[in-house]
Amino acid sequence: MDLILLRLSALGDILRVLPAWVNLHEAFPEARFRAVVEDRHAFLLEPLPWLEPVLVRRKRLSNPLQALGELRRVAAQVQGAEASLDFHGILKAALIPRLAGLTERWGDGVTKEFAGSLQTHPLPFALKTRYCQALDLAEAFGRSRGQTGLGAFRPVLKDLPLPDAGAIWTQSAQPRIVLVPGASRRGAIKRWPLHHWLRLAAQLKSHCELRWSLGPEEKELRDWLPQASGVPALPPLGFWQLASTLRQADRVIAPDTGLLHLAVVLGVPVLALFGSSDPMVAGLPASAGAVLRTGISCSPCRERACQRRQCLEELSPERVAAALSGY
């Protein structure tokens, strides 16, 4: 069996489909699996050597004059596969197996830009989290081949070998908690206010071992946040070294961002701070942790330019600290 798995972006979304992809591999261990992802995210496949990357060049895909040529180039690489499973549901992803002439093209039921019309086996639409969407697609495909049980979530990176990041934590018996104040530039609206993070750190640091996780785009925060809070930051680490460090933590507190979902697939309990994010779509598997949100009338929303950010301003550090003690 030769299967094509499609998920073009983004980092967090690819992490969310990994449980489904691992379930497929375990159900069909002799199959060939090729994952169509953007070149900027190829590193996410490194711990899973049975996944062959088929890379879409992001710059060409984003150029209207080059996108179709790039999709045809990728389609030529996956010709002859038995089936494709589209975990993205946009036109660019759905075109690849169609251009490749694959006769069996599955979709997870959530589509945009008429992508579903290019799928031969689209699942019915249902409002569910992205984890469930992916797992339900794996389950449906598995049943078509006489295999069941592919729809169960597991933290599939919990026990995989990862590069050692060195000594990060002390030998203290205090709970180890990673604080993630950032988000991507595109997802900046999801950031919990920094003054809330500072108050939360002040409440926790006497009885927890805390570390800030700051990305390469957060140099300004790295310059002052540890000193202002009295909480050290994790050193600059490669992605999988960071994953190894997160896996040693007892909790991760983060907004709806890639590191939140990295913690989920690593098996680290999370406390997710949601403002505009829709918990029905961006939510967590039941066993992964908890989502905190105010639930004010204007949330969830997709207004990236919102200046009020009341949905996050009203989520107090005291409420977060109380939820943490309830784990």
# chains A, B, ... in the order shown; residues from 1 in each chain; ligands from 1
>>> residues_around(residues="Arg304 (chain A)", least_positions_apart="3", cutoff="12 Å", atoms="only C-alpha atoms", output="MDAnalysis selection string")
chainID A and resid 185:191 275:277 300:301 307:309
>>> residues_around(residues="Leu5 (chain A)", least_positions_apart="6", cutoff="9 Å", atoms="only C-alpha atoms", output="PyMOL selection string")
chain A and resi 21+33-37+83-87
>>> write_last_selection(atoms="C-alpha atoms", output="short mmCIF file (atom, residue, chain, number, x, y, z; two decimals), in the first residue's frame")
data_model
loop_
_atom_site.label_atom_id
_atom_site.label_comp_id
_atom_site.auth_asym_id
_atom_site.auth_seq_id
_atom_site.Cartn_x
_atom_site.Cartn_y
_atom_site.Cartn_z
CA TRP A 21 -0.65 9.51 11.04
CA PHE A 33 3.68 6.69 3.74
CA ARG A 34 4.55 9.96 2.04
CA ALA A 35 3.71 13.24 3.78
CA VAL A 36 3.14 16.32 1.62
CA VAL A 37 4.17 19.31 3.74
CA ALA A 83 -4.85 6.66 -2.07
CA SER A 84 -4.49 10.14 -0.61
CA LEU A 85 -5.77 11.43 2.73
CA ASP A 86 -6.26 15.18 2.81
CA PHE A 87 -5.95 16.55 6.35
#
>>> select_by_dssp(residues="region 4-168 of chain A", states="strand (DSSP E or B)", output="list in words")
Ile4, Leu5, Leu6, Arg32, Phe33, Arg34, Ala35, Val36, Val37, Glu38, Leu51, Glu52, Pro53, Val54, Leu55, Val56, Ala83, Ser84, Leu85, Asp86, Arg105, Trp106, Gly107, His121 and Pro122 of chain A
>>> write_last_selection(atoms="C-alpha atoms", output="tab-separated table (two decimals), in the first residue's frame")
chain	number	residue	atom	x	y	z
A	4	ILE	CA	-0.18	10.10	0.51
A	5	LEU	CA	-0.87	12.25	3.58
A	6	LEU	CA	-1.47	15.96	2.95
A	32	ARG	CA	4.63	3.32	2.27
A	33	PHE	CA	3.68	6.69	3.74
A	34	ARG	CA	4.55	9.96	2.04
A	35	ALA	CA	3.71	13.24	3.78
A	36	VAL	CA	3.14	16.32	1.62
A	37	VAL	CA	4.17	19.31	3.74
A	38	GLU	CA	5.69	22.71	3.08
A	51	LEU	CA	7.27	9.20	6.89
A	52	GLU	CA	8.82	10.15	3.56
A	53	PRO	CA	8.64	13.93	3.09
A	54	VAL	CA	7.35	15.32	-0.19
A	55	LEU	CA	8.14	19.01	0.07
A	56	VAL	CA	6.12	21.85	-1.37
A	83	ALA	CA	-4.85	6.66	-2.07
A	84	SER	CA	-4.49	10.14	-0.61
A	85	LEU	CA	-5.77	11.43	2.73
A	86	ASP	CA	-6.26	15.18	2.81
A	105	ARG	CA	-8.91	10.73	-2.60
A	106	TRP	CA	-10.12	11.00	0.99
A	107	GLY	CA	-10.98	14.17	2.91
A	121	HIS	CA	-14.28	9.98	-0.38
A	122	PRO	CA	-15.08	13.12	1.64
>>> select_by_dssp(residues="region 11-226 of chain A", states="helix (DSSP H, G or I)", output="count of residues only")
89
>>> closest_residue(among="A:Trp50, A:Ile90, A:Ser297, A:Glu209", to="Gln171 (chain A)", atoms="only C-alpha atoms")
A:Glu209
>>> closest_residue(among="A:Ile296, A:Ala183, A:Cys208, A:Cys306", to="Ala321 (chain A)", atoms="only C-alpha atoms")
A:Cys208
>>> atom_distance(atom1="CA of Ala282 (chain A)", atom2="CA of Pro97 (chain A)")
26.6 Å
>>> closest_residue(among="A:His207, A:Arg251, A:Arg154, A:Lys128", to="Val178 (chain A)", atoms="only C-alpha atoms")
A:Arg251
>>> closest_residue(among="A:Trp224, A:Trp169, A:Phe43, A:Trp197", to="Leu246 (chain A)", atoms="only C-alpha atoms")
A:Trp169
>>> closest_residue(among="A:Gly166, A:Gly89, A:Pro317, A:Pro47", to="Gly116 (chain A)", atoms="only C-alpha atoms")
A:Gly89
>>> closest_residue(among="A:Leu8, A:Ala173, A:Leu135, A:Leu45", to="Val74 (chain A)", atoms="only C-alpha atoms")
A:Leu8
>>> residues_around(residues="region 230-243 of chain A", least_positions_apart="5", cutoff="6 Å", atoms="only C-alpha atoms", output="count of residues only")
6
>>> closest_atom_pairs(of="region 130-205 of chain A", to="region 254-271 of chain A", cutoff="7 Å", atoms="only C-alpha atoms", output="JSON lines")
{"residue": "A:Pro155", "atom": "CA", "partner": "A:Val265", "partner_atom": "CA", "distance": 4.2}
{"residue": "A:Val156", "atom": "CA", "partner": "A:Val265", "partner_atom": "CA", "distance": 5.7}
{"residue": "A:Leu157", "atom": "CA", "partner": "A:Leu266", "partner_atom": "CA", "distance": 4.7}
{"residue": "A:Lys158", "atom": "CA", "partner": "A:Leu266", "partner_atom": "CA", "distance": 4.4}
{"residue": "A:Leu179", "atom": "CA", "partner": "A:Ala254", "partner_atom": "CA", "distance": 6.4}
{"residue": "A:Val180", "atom": "CA", "partner": "A:Ala254", "partner_atom": "CA", "distance": 4.8}
{"residue": "A:Pro181", "atom": "CA", "partner": "A:Ala254", "partner_atom": "CA", "distance": 6.5}
{"residue": "A:Ala183", "atom": "CA", "partner": "A:Thr257", "partner_atom": "CA", "distance": 5.7}
{"residue": "A:Lys190", "atom": "CA", "partner": "A:Pro255", "partner_atom": "CA", "distance": 6.2}
{"residue": "A:Arg191", "atom": "CA", "partner": "A:Pro255", "partner_atom": "CA", "distance": 6.2}
{"residue": "A:Trp192", "atom": "CA", "partner": "A:Pro255", "partner_atom": "CA", "distance": 6.8}
>>> decode(residues="region 223-248 of chain A", atoms="N, CA and C atoms", output="short mmCIF file (atom, residue, chain, number, x, y, z; two decimals), in the first residue's frame")
data_model
loop_
_atom_site.label_atom_id
_atom_site.label_comp_id
_atom_site.auth_asym_id
_atom_site.auth_seq_id
_atom_site.Cartn_x
_atom_site.Cartn_y
_atom_site.Cartn_z
N ASP A 223 15.47 39.68 26.44
CA ASP A 223 16.38 40.69 27.00
C ASP A 223 15.92 41.21 28.36
N TRP A 224 14.60 41.19 28.63
CA TRP A 224 14.14 41.80 29.89
C TRP A 224 13.21 40.95 30.73
N LEU A 225 12.48 39.99 30.12
CA LEU A 225 11.46 39.26 30.88
C LEU A 225 12.03 38.43 32.03
N PRO A 226 13.12 37.66 31.84
CA PRO A 226 13.65 36.90 32.97
C PRO A 226 14.04 37.78 34.16
N GLN A 227 14.67 38.90 33.88
CA GLN A 227 15.08 39.79 34.96
C GLN A 227 13.87 40.42 35.65
N ALA A 228 12.88 40.83 34.85
CA ALA A 228 11.71 41.48 35.42
C ALA A 228 10.87 40.53 36.26
N SER A 229 10.89 39.24 35.91
CA SER A 229 10.03 38.27 36.58
C SER A 229 10.76 37.45 37.64
N GLY A 230 12.10 37.40 37.55
CA GLY A 230 12.84 36.51 38.43
C GLY A 230 12.71 35.05 38.03
N VAL A 231 12.29 34.80 36.80
CA VAL A 231 12.12 33.43 36.28
C VAL A 231 13.05 33.27 35.09
N PRO A 232 13.94 32.29 35.08
CA PRO A 232 14.86 32.13 33.94
C PRO A 232 14.14 31.65 32.70
N ALA A 233 14.73 31.96 31.56
CA ALA A 233 14.22 31.46 30.28
C ALA A 233 15.00 30.22 29.87
N LEU A 234 14.34 29.33 29.16
CA LEU A 234 15.06 28.22 28.55
C LEU A 234 16.08 28.79 27.58
N PRO A 235 17.25 28.18 27.47
CA PRO A 235 18.23 28.68 26.50
C PRO A 235 17.73 28.50 25.08
N PRO A 236 18.29 29.22 24.11
CA PRO A 236 17.91 28.98 22.71
C PRO A 236 18.20 27.52 22.35
N LEU A 237 17.19 26.83 21.85
CA LEU A 237 17.29 25.40 21.56
C LEU A 237 16.73 25.11 20.18
N GLY A 238 17.23 24.05 19.57
CA GLY A 238 16.59 23.54 18.37
C GLY A 238 15.21 23.01 18.74
N PHE A 239 14.36 22.84 17.73
CA PHE A 239 12.97 22.49 18.00
C PHE A 239 12.86 21.19 18.78
N TRP A 240 13.61 20.16 18.37
CA TRP A 240 13.45 18.87 19.04
C TRP A 240 14.20 18.82 20.37
N GLN A 241 15.21 19.65 20.55
CA GLN A 241 15.78 19.81 21.89
C GLN A 241 14.77 20.47 22.82
N LEU A 242 14.07 21.46 22.30
CA LEU A 242 13.01 22.09 23.09
C LEU A 242 11.94 21.07 23.45
N ALA A 243 11.58 20.23 22.50
CA ALA A 243 10.59 19.19 22.79
C ALA A 243 11.07 18.27 23.91
N SER A 244 12.34 17.90 23.88
CA SER A 244 12.90 17.06 24.93
C SER A 244 12.80 17.74 26.29
N THR A 245 13.02 19.05 26.31
CA THR A 245 12.92 19.82 27.56
C THR A 245 11.48 19.92 28.04
N LEU A 246 10.56 20.18 27.13
CA LEU A 246 9.15 20.24 27.51
C LEU A 246 8.68 18.91 28.08
N ARG A 247 9.20 17.83 27.53
CA ARG A 247 8.75 16.50 27.97
C ARG A 247 9.15 16.21 29.41
N GLN A 248 10.13 16.95 29.92
CA GLN A 248 10.54 16.79 31.32
C GLN A 248 9.71 17.64 32.27
#
